[in-house]
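Undergrad: File final10.cif below, mmCIF, N, CA, C and O atoms:
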```cif
data_entry
loop_
_atom_site.label_atom_id
_atom_site.label_comp_id
_atom_site.auth_asym_id
_atom_site.auth_seq_id
_atom_site.Cartn_x
_atom_site.Cartn_y
_atom_site.Cartn_z
N MET E 1 81.91 112.31 84.17
CA MET E 1 82.68 111.13 84.50
C MET E 1 81.78 109.95 84.83
O MET E 1 82.15 109.10 85.61
N VAL E 2 80.66 109.88 84.28
CA VAL E 2 79.75 108.77 84.53
C VAL E 2 80.37 107.50 83.98
O VAL E 2 80.83 107.44 82.85
N GLY E 3 80.41 106.45 84.81
CA GLY E 3 80.94 105.17 84.39
C GLY E 3 82.44 105.02 84.56
O GLY E 3 82.98 103.97 84.36
N LYS E 4 83.12 106.11 84.95
CA LYS E 4 84.56 106.03 85.16
C LYS E 4 84.86 106.33 86.62
O LYS E 4 84.26 107.22 87.21
N SER E 5 85.79 105.59 87.19
CA SER E 5 86.18 105.87 88.57
C SER E 5 87.65 106.28 88.58
O SER E 5 88.47 105.71 87.88
N ARG E 6 87.94 107.28 89.35
CA ARG E 6 89.31 107.77 89.48
C ARG E 6 89.97 107.00 90.61
O ARG E 6 89.39 106.84 91.68
N ALA E 7 91.17 106.54 90.39
CA ALA E 7 91.89 105.79 91.42
C ALA E 7 92.33 106.73 92.52
O ALA E 7 92.96 107.76 92.25
N VAL E 8 91.98 106.39 93.76
CA VAL E 8 92.39 107.18 94.92
C VAL E 8 92.83 106.24 96.04
O VAL E 8 92.47 105.06 96.05
N CYS E 9 93.58 106.80 96.97
CA CYS E 9 94.02 106.05 98.14
C CYS E 9 92.81 105.76 99.03
O CYS E 9 92.00 106.64 99.30
N ARG E 10 92.71 104.55 99.48
CA ARG E 10 91.59 104.14 100.34
C ARG E 10 91.60 104.89 101.67
O ARG E 10 90.54 105.12 102.25
N LEU E 11 92.76 105.29 102.14
CA LEU E 11 92.86 105.90 103.46
C LEU E 11 92.81 107.42 103.46
O LEU E 11 92.19 108.02 104.33
N CYS E 12 93.46 108.08 102.48
CA CYS E 12 93.52 109.55 102.51
C CYS E 12 92.95 110.21 101.26
O CYS E 12 92.92 111.43 101.19
N LEU E 13 92.53 109.42 100.29
CA LEU E 13 91.92 109.90 99.04
C LEU E 13 92.90 110.62 98.11
O LEU E 13 92.48 111.29 97.19
N SER E 14 94.19 110.48 98.35
CA SER E 14 95.20 111.02 97.44
C SER E 14 95.13 110.27 96.12
O SER E 14 94.75 109.09 96.09
N GLY E 15 95.52 110.91 95.05
CA GLY E 15 95.50 110.24 93.75
C GLY E 15 96.87 109.96 93.18
O GLY E 15 97.00 109.63 92.02
N THR E 16 97.92 110.08 94.01
CA THR E 16 99.27 109.91 93.50
C THR E 16 99.99 108.75 94.17
O THR E 16 99.72 108.41 95.32
N SER E 17 100.92 108.17 93.45
CA SER E 17 101.80 107.09 93.96
C SER E 17 101.01 105.96 94.59
O SER E 17 101.26 105.58 95.74
N LEU E 18 100.08 105.40 93.86
CA LEU E 18 99.19 104.38 94.40
C LEU E 18 99.70 102.96 94.15
O LEU E 18 100.29 102.69 93.12
N GLU E 19 99.46 102.10 95.12
CA GLU E 19 99.74 100.67 94.99
C GLU E 19 98.49 99.89 95.37
O GLU E 19 97.76 100.31 96.28
N ASP E 20 98.28 98.78 94.72
CA ASP E 20 97.14 97.94 95.05
C ASP E 20 97.39 97.23 96.38
O ASP E 20 98.45 96.67 96.60
N VAL E 21 96.42 97.30 97.27
CA VAL E 21 96.53 96.69 98.60
C VAL E 21 96.80 95.19 98.50
O VAL E 21 97.55 94.63 99.30
N PHE E 22 96.22 94.56 97.49
CA PHE E 22 96.34 93.10 97.38
C PHE E 22 97.63 92.68 96.69
O PHE E 22 98.02 91.53 96.78
N GLU E 23 98.33 93.62 96.04
CA GLU E 23 99.60 93.29 95.39
C GLU E 23 100.79 93.66 96.26
O GLU E 23 101.86 93.07 96.13
N ALA E 24 100.62 94.66 97.12
CA ALA E 24 101.71 95.09 98.00
C ALA E 24 101.89 94.04 99.11
O ALA E 24 100.93 93.57 99.70
N THR E 25 103.12 93.70 99.39
CA THR E 25 103.44 92.66 100.35
C THR E 25 102.92 92.99 101.75
O THR E 25 103.24 94.03 102.31
N ASP E 26 102.09 92.14 102.29
CA ASP E 26 101.56 92.22 103.66
C ASP E 26 100.76 93.49 103.95
O ASP E 26 100.46 93.77 105.10
N MET E 27 100.42 94.28 102.93
CA MET E 27 99.72 95.54 103.18
C MET E 27 98.31 95.31 103.75
O MET E 27 97.89 96.03 104.66
N ASN E 28 97.61 94.35 103.24
CA ASN E 28 96.27 94.06 103.75
C ASN E 28 96.32 93.67 105.23
O ASN E 28 95.51 94.13 106.03
N ASP E 29 97.29 92.85 105.60
CA ASP E 29 97.45 92.45 107.01
C ASP E 29 97.84 93.65 107.87
O ASP E 29 97.35 93.79 108.99
N LEU E 30 98.70 94.50 107.36
CA LEU E 30 99.13 95.68 108.10
C LEU E 30 97.95 96.60 108.39
O LEU E 30 97.76 97.05 109.53
N ILE E 31 97.13 96.85 107.39
CA ILE E 31 95.95 97.69 107.57
C ILE E 31 94.98 97.04 108.56
O ILE E 31 94.45 97.70 109.45
N SER E 32 94.79 95.76 108.42
CA SER E 32 93.87 95.05 109.32
C SER E 32 94.36 95.09 110.76
O SER E 32 93.57 95.36 111.67
N ASN E 33 95.64 94.85 110.98
CA ASN E 33 96.18 94.81 112.34
C ASN E 33 96.24 96.18 113.01
O ASN E 33 95.96 96.31 114.19
N LEU E 34 96.62 97.21 112.25
CA LEU E 34 96.80 98.53 112.85
C LEU E 34 95.52 99.35 112.90
O LEU E 34 95.31 100.13 113.82
N LEU E 35 94.66 99.20 111.90
CA LEU E 35 93.48 100.04 111.80
C LEU E 35 92.17 99.30 112.03
O LEU E 35 91.11 99.93 112.05
N ALA E 36 92.24 97.99 112.17
CA ALA E 36 91.03 97.16 112.34
C ALA E 36 90.05 97.36 111.19
O ALA E 36 88.85 97.40 111.39
N ILE E 37 90.60 97.49 109.99
CA ILE E 37 89.79 97.61 108.77
C ILE E 37 90.02 96.35 107.95
O ILE E 37 91.15 96.02 107.63
N THR E 38 88.94 95.66 107.64
CA THR E 38 89.03 94.47 106.80
C THR E 38 88.78 94.87 105.35
O THR E 38 87.76 95.49 105.06
N ILE E 39 89.72 94.54 104.49
CA ILE E 39 89.60 94.88 103.07
C ILE E 39 89.42 93.60 102.27
O ILE E 39 90.19 92.66 102.42
N THR E 40 88.39 93.59 101.46
CA THR E 40 88.16 92.46 100.56
C THR E 40 88.09 92.96 99.13
O THR E 40 87.81 94.14 98.90
N LYS E 41 88.33 92.08 98.20
CA LYS E 41 88.27 92.46 96.79
C LYS E 41 86.85 92.81 96.36
O LYS E 41 86.66 93.51 95.38
N SER E 42 85.87 92.35 97.11
CA SER E 42 84.48 92.57 96.71
C SER E 42 83.84 93.81 97.35
O SER E 42 82.72 94.16 97.01
N ASP E 43 84.55 94.51 98.26
CA ASP E 43 83.92 95.69 98.84
C ASP E 43 83.95 96.85 97.84
O ASP E 43 84.65 96.82 96.84
N SER E 44 83.17 97.87 98.11
CA SER E 44 82.98 98.94 97.13
C SER E 44 83.95 100.11 97.31
O SER E 44 83.85 101.10 96.62
N HIS E 45 84.91 99.98 98.21
CA HIS E 45 85.87 101.05 98.46
C HIS E 45 87.13 100.84 97.62
O HIS E 45 87.41 99.72 97.17
N PRO E 46 87.93 101.90 97.44
CA PRO E 46 89.16 101.75 96.64
C PRO E 46 90.08 100.67 97.20
O PRO E 46 90.16 100.48 98.41
N SER E 47 90.78 100.00 96.32
CA SER E 47 91.71 98.94 96.75
C SER E 47 93.15 99.39 96.62
O SER E 47 94.06 98.57 96.65
N LYS E 48 93.37 100.68 96.52
CA LYS E 48 94.72 101.21 96.40
C LYS E 48 95.07 102.04 97.62
O LYS E 48 94.20 102.56 98.30
N ILE E 49 96.38 102.15 97.89
CA ILE E 49 96.88 102.95 99.00
C ILE E 49 98.11 103.70 98.51
O ILE E 49 98.90 103.17 97.74
N CYS E 50 98.25 104.96 98.94
CA CYS E 50 99.36 105.79 98.46
C CYS E 50 100.64 105.53 99.25
O CYS E 50 100.61 104.98 100.36
N GLN E 51 101.76 105.98 98.69
CA GLN E 51 103.06 105.79 99.33
C GLN E 51 103.13 106.49 100.69
O GLN E 51 103.75 106.00 101.62
N GLY E 52 102.49 107.65 100.81
CA GLY E 52 102.48 108.36 102.08
C GLY E 52 101.81 107.56 103.18
O GLY E 52 102.30 107.49 104.30
N CYS E 53 100.68 106.96 102.87
CA CYS E 53 99.98 106.13 103.85
C CYS E 53 100.75 104.85 104.15
O CYS E 53 100.76 104.39 105.29
N ILE E 54 101.40 104.29 103.14
CA ILE E 54 102.23 103.10 103.37
C ILE E 54 103.34 103.43 104.35
O ILE E 54 103.59 102.68 105.30
N LYS E 55 104.00 104.58 104.15
CA LYS E 55 105.07 104.99 105.06
C LYS E 55 104.53 105.24 106.46
O LYS E 55 105.13 104.80 107.45
N THR E 56 103.40 105.92 106.57
CA THR E 56 102.81 106.20 107.88
C THR E 56 102.46 104.90 108.61
O THR E 56 102.75 104.76 109.80
N LEU E 57 101.85 103.95 107.90
CA LEU E 57 101.51 102.67 108.51
C LEU E 57 102.76 101.91 108.94
O LEU E 57 102.80 101.32 110.03
N SER E 58 103.79 101.93 108.10
CA SER E 58 105.04 101.24 108.44
C SER E 58 105.70 101.87 109.65
O SER E 58 106.20 101.16 110.54
N ASP E 59 105.72 103.21 109.69
CA ASP E 59 106.30 103.91 110.85
C ASP E 59 105.52 103.58 112.12
O ASP E 59 106.10 103.36 113.18
N PHE E 60 104.20 103.56 112.02
CA PHE E 60 103.38 103.26 113.18
C PHE E 60 103.61 101.82 113.65
O PHE E 60 103.71 101.56 114.85
N ARG E 61 103.73 100.90 112.70
CA ARG E 61 104.01 99.49 113.05
C ARG E 61 105.34 99.40 113.79
O ARG E 61 105.45 98.74 114.83
N ASP E 62 106.37 100.09 113.28
CA ASP E 62 107.69 100.06 113.92
C ASP E 62 107.63 100.67 115.32
O ASP E 62 108.22 100.13 116.26
N TYR E 63 106.92 101.78 115.47
CA TYR E 63 106.76 102.41 116.77
C TYR E 63 106.05 101.48 117.75
O TYR E 63 106.47 101.32 118.90
N ARG E 64 104.99 100.85 117.27
CA ARG E 64 104.23 99.93 118.11
C ARG E 64 105.11 98.77 118.59
O ARG E 64 105.07 98.37 119.76
N GLU E 65 105.92 98.23 117.68
CA GLU E 65 106.80 97.12 118.04
C GLU E 65 107.83 97.55 119.07
O GLU E 65 108.13 96.80 120.01
N ARG E 66 108.37 98.77 118.94
CA ARG E 66 109.34 99.27 119.91
C ARG E 66 108.68 99.44 121.28
O ARG E 66 109.28 99.14 122.31
N CYS E 67 107.46 99.94 121.30
CA CYS E 67 106.73 100.12 122.56
C CYS E 67 106.47 98.79 123.25
O CYS E 67 106.56 98.69 124.49
N LEU E 68 106.15 97.77 122.48
CA LEU E 68 105.85 96.47 123.05
C LEU E 68 107.09 95.78 123.61
O LEU E 68 107.00 94.93 124.48
N GLU E 69 108.27 96.19 123.12
CA GLU E 69 109.52 95.61 123.62
C GLU E 69 109.86 96.15 125.00
O GLU E 69 110.58 95.50 125.74
N VAL E 70 109.38 97.32 125.32
CA VAL E 70 109.74 97.97 126.60
C VAL E 70 108.89 97.42 127.73
O VAL E 70 107.79 97.08 127.62
#
```
What is this file in structure tokens?
TA:
Amino acid sequence: MVGKSRAVCRLCLSGTSLEDVFEATDMNDLISNLLAITITKSDSHPSKICQGCIKTLSDFRDYRERCLEV
């Protein structure tokens, strides 16, 4: 596989149900705010994230917002 890269999730390395971080609505901001990870188009790490991680991040964001309301 020299010269070819397999698309994987940046967070869990899954290879299924991937979305580009820069195309998904607010995903880059969500990752930055919750995980303190800055993602740029020029870094050498994958720029995709799987549906499972998207759901986990969304659930965590919702939980965090509920906690802050109390």
Undergrad: Give me, as a list of chain:residue names, all polymer residues having an atom no more than 4.5 Å from range 14-17 of chain E, counting only N, CA, C and O atoms and skipping those fewer than 6 positions away in the same chain.
TA: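 Near neighbours after the sequence-gap exclusion: E:Ala7, E:Val8, E:Ile49, E:Cys50, E:Gln51.
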Undergrad: Running DSSP on the backbone, which parts of chain E land in strand (DSSP E or B), as an MDAnalysis selection string?
TA: chainID E and resid 9 18:20 48:50
Undergrad: Include N, CA, C and O atoms and write out the residues we just selected as a compact mmCIF listing (two decimals), keeping the file's coordinate frame.
TA:
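Once everything was written out, this is selection.txt:
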```txt
# COMPACT_ATOMS: atom_id res chain seq x y z
N CYS E 9 93.58 106.80 96.97
CA CYS E 9 94.02 106.05 98.14
C CYS E 9 92.81 105.76 99.03
O CYS E 9 92.00 106.64 99.30
N LEU E 18 100.08 105.40 93.86
CA LEU E 18 99.19 104.38 94.40
C LEU E 18 99.70 102.96 94.15
O LEU E 18 100.29 102.69 93.12
N GLU E 19 99.46 102.10 95.12
CA GLU E 19 99.74 100.67 94.99
C GLU E 19 98.49 99.89 95.37
O GLU E 19 97.76 100.31 96.28
N ASP E 20 98.28 98.78 94.72
CA ASP E 20 97.14 97.94 95.05
C ASP E 20 97.39 97.23 96.38
O ASP E 20 98.45 96.67 96.60
N LYS E 48 93.37 100.68 96.52
CA LYS E 48 94.72 101.21 96.40
C LYS E 48 95.07 102.04 97.62
O LYS E 48 94.20 102.56 98.30
N ILE E 49 96.38 102.15 97.89
CA ILE E 49 96.88 102.95 99.00
C ILE E 49 98.11 103.70 98.51
O ILE E 49 98.90 103.17 97.74
N CYS E 50 98.25 104.96 98.94
CA CYS E 50 99.36 105.79 98.46
C CYS E 50 100.64 105.53 99.25
O CYS E 50 100.61 104.98 100.36
```
Undergrad: For a test of reading the model, state the distance in Å between CA of Asn33 in chain E and atom C of Arg6 in chain E, rounded to one decimal.
TA: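 These atoms are spaced 25.7 Å apart.
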Undergrad: Residues near Cys53 in chain E, anyone? I mean within 10 Å using only C-alpha atoms, not counting same-chain ones fewer than 3 positions away, as a ChimeraX atom specification.
TA: /E:9-12,14,18,49-50,56-59
Undergrad: Could you check how far CA of Glu65 in chain E sits from atom N of Asp26 in chain E, in Å to one decimal?
TA: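 Atom-to-atom, CA of Glu65 in chain E and atom N of Asp26 in chain E are spaced 17.2 Å apart.
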Undergrad: Work out how far CA of Val21 in chain E is from CA of Lys41 in chain E, in Å to one decimal.
TA: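 Taking CA of Lys41 in chain E as the start and CA of Val21 in chain E as the end point, the length is 9.5 Å.
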Undergrad: When you look at Asn28 in chain E with a cut-off of 12 Å (counting only C-alpha atoms), what residues show up, excluding the ones that are within fewer than 2 positions of it in the same chain? I need them as a list of chain:residue names.
TA: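 Residues near the query, excluding close chain neighbours: E:Arg10, E:Glu19, E:Asp20, E:Val21, E:Phe22, E:Glu23, E:Ala24, E:Thr25, E:Asp26, E:Leu30, E:Ile31, E:Ser32, E:Asn33, E:Leu34, E:Leu35, E:Ala36, E:Ile37, E:Thr38, E:Ile39, E:Thr40, E:Lys41, E:Ser47, E:Lys48, E:Ile49, E:Ile54, E:Leu57.
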Undergrad: Since the input is missing atoms for range 38-49 of chain E, could you rebuild it with all heavy atoms and give the result as an mmCIF file, keeping the file's coordinate frame?
TA:
```cif
data_model
loop_
_atom_site.group_PDB
_atom_site.id
_atom_site.type_symbol
_atom_site.label_atom_id
_atom_site.label_comp_id
_atom_site.auth_asym_id
_atom_site.auth_seq_id
_atom_site.Cartn_x
_atom_site.Cartn_y
_atom_site.Cartn_z
ATOM 1 N N THR E 38 88.940 95.660 107.640
ATOM 2 C CA THR E 38 89.030 94.470 106.800
ATOM 3 C C THR E 38 88.780 94.870 105.350
ATOM 4 O O THR E 38 87.760 95.490 105.060
ATOM 5 C CB THR E 38 88.006 93.420 107.239
ATOM 6 O OG1 THR E 38 88.237 93.106 108.611
ATOM 7 C CG2 THR E 38 88.126 92.158 106.388
ATOM 8 N N ILE E 39 89.720 94.540 104.490
ATOM 9 C CA ILE E 39 89.600 94.880 103.070
ATOM 10 C C ILE E 39 89.420 93.600 102.270
ATOM 11 O O ILE E 39 90.190 92.660 102.420
ATOM 12 C CB ILE E 39 90.862 95.620 102.583
ATOM 13 C CG1 ILE E 39 91.039 96.912 103.373
ATOM 14 C CG2 ILE E 39 90.779 95.891 101.096
ATOM 15 C CD1 ILE E 39 92.300 97.660 103.038
ATOM 16 N N THR E 40 88.390 93.590 101.460
ATOM 17 C CA THR E 40 88.160 92.460 100.560
ATOM 18 C C THR E 40 88.090 92.960 99.130
ATOM 19 O O THR E 40 87.810 94.140 98.900
ATOM 20 C CB THR E 40 86.845 91.733 100.908
ATOM 21 O OG1 THR E 40 85.751 92.626 100.686
ATOM 22 C CG2 THR E 40 86.832 91.252 102.349
ATOM 23 N N LYS E 41 88.330 92.080 98.200
ATOM 24 C CA LYS E 41 88.270 92.460 96.790
ATOM 25 C C LYS E 41 86.850 92.810 96.360
ATOM 26 O O LYS E 41 86.660 93.510 95.380
ATOM 27 C CB LYS E 41 88.834 91.341 95.919
ATOM 28 C CG LYS E 41 90.318 91.180 96.072
ATOM 29 C CD LYS E 41 90.872 90.134 95.147
ATOM 30 C CE LYS E 41 92.381 90.035 95.338
ATOM 31 N NZ LYS E 41 92.996 89.130 94.410
ATOM 32 N N SER E 42 85.870 92.350 97.110
ATOM 33 C CA SER E 42 84.480 92.570 96.710
ATOM 34 C C SER E 42 83.840 93.810 97.350
ATOM 35 O O SER E 42 82.720 94.160 97.010
ATOM 36 C CB SER E 42 83.639 91.345 97.052
ATOM 37 O OG SER E 42 83.630 91.139 98.450
ATOM 38 N N ASP E 43 84.550 94.510 98.260
ATOM 39 C CA ASP E 43 83.920 95.690 98.840
ATOM 40 C C ASP E 43 83.950 96.850 97.840
ATOM 41 O O ASP E 43 84.650 96.820 96.840
ATOM 42 C CB ASP E 43 84.513 96.076 100.203
ATOM 43 C CG ASP E 43 85.940 96.566 100.164
ATOM 44 O OD1 ASP E 43 86.368 97.099 99.131
ATOM 45 O OD2 ASP E 43 86.629 96.427 101.186
ATOM 46 N N SER E 44 83.170 97.870 98.110
ATOM 47 C CA SER E 44 82.980 98.940 97.130
ATOM 48 C C SER E 44 83.950 100.110 97.310
ATOM 49 O O SER E 44 83.850 101.100 96.620
ATOM 50 C CB SER E 44 81.544 99.468 97.207
ATOM 51 O OG SER E 44 81.297 99.996 98.503
ATOM 52 N N HIS E 45 84.910 99.980 98.210
ATOM 53 C CA HIS E 45 85.870 101.050 98.460
ATOM 54 C C HIS E 45 87.130 100.840 97.620
ATOM 55 O O HIS E 45 87.410 99.720 97.170
ATOM 56 C CB HIS E 45 86.224 101.095 99.941
ATOM 57 C CG HIS E 45 85.033 101.322 100.815
ATOM 58 N ND1 HIS E 45 84.357 102.506 100.861
ATOM 59 C CD2 HIS E 45 84.374 100.487 101.652
ATOM 60 C CE1 HIS E 45 83.351 102.415 101.693
ATOM 61 N NE2 HIS E 45 83.328 101.186 102.191
ATOM 62 N N PRO E 46 87.930 101.900 97.440
ATOM 63 C CA PRO E 46 89.160 101.750 96.640
ATOM 64 C C PRO E 46 90.080 100.670 97.200
ATOM 65 O O PRO E 46 90.160 100.480 98.410
ATOM 66 C CB PRO E 46 89.813 103.133 96.755
ATOM 67 C CG PRO E 46 88.709 104.067 97.088
ATOM 68 C CD PRO E 46 87.739 103.268 97.907
ATOM 69 N N SER E 47 90.780 100.000 96.320
ATOM 70 C CA SER E 47 91.710 98.940 96.750
ATOM 71 C C SER E 47 93.150 99.390 96.620
ATOM 72 O O SER E 47 94.060 98.570 96.650
ATOM 73 C CB SER E 47 91.485 97.675 95.918
ATOM 74 O OG SER E 47 91.801 97.918 94.567
ATOM 75 N N LYS E 48 93.370 100.680 96.520
ATOM 76 C CA LYS E 48 94.720 101.210 96.400
ATOM 77 C C LYS E 48 95.070 102.040 97.620
ATOM 78 O O LYS E 48 94.200 102.560 98.300
ATOM 79 C CB LYS E 48 94.849 102.043 95.139
ATOM 80 C CG LYS E 48 94.544 101.224 93.899
ATOM 81 C CD LYS E 48 95.096 101.843 92.663
ATOM 82 C CE LYS E 48 94.804 101.031 91.436
ATOM 83 N NZ LYS E 48 95.418 99.752 91.393
ATOM 84 N N ILE E 49 96.380 102.150 97.890
ATOM 85 C CA ILE E 49 96.880 102.950 99.000
ATOM 86 C C ILE E 49 98.110 103.700 98.510
ATOM 87 O O ILE E 49 98.900 103.170 97.740
ATOM 88 C CB ILE E 49 97.183 102.050 100.223
ATOM 89 C CG1 ILE E 49 97.601 102.874 101.426
ATOM 90 C CG2 ILE E 49 98.179 100.997 99.900
ATOM 91 C CD1 ILE E 49 97.708 102.076 102.706
#
```
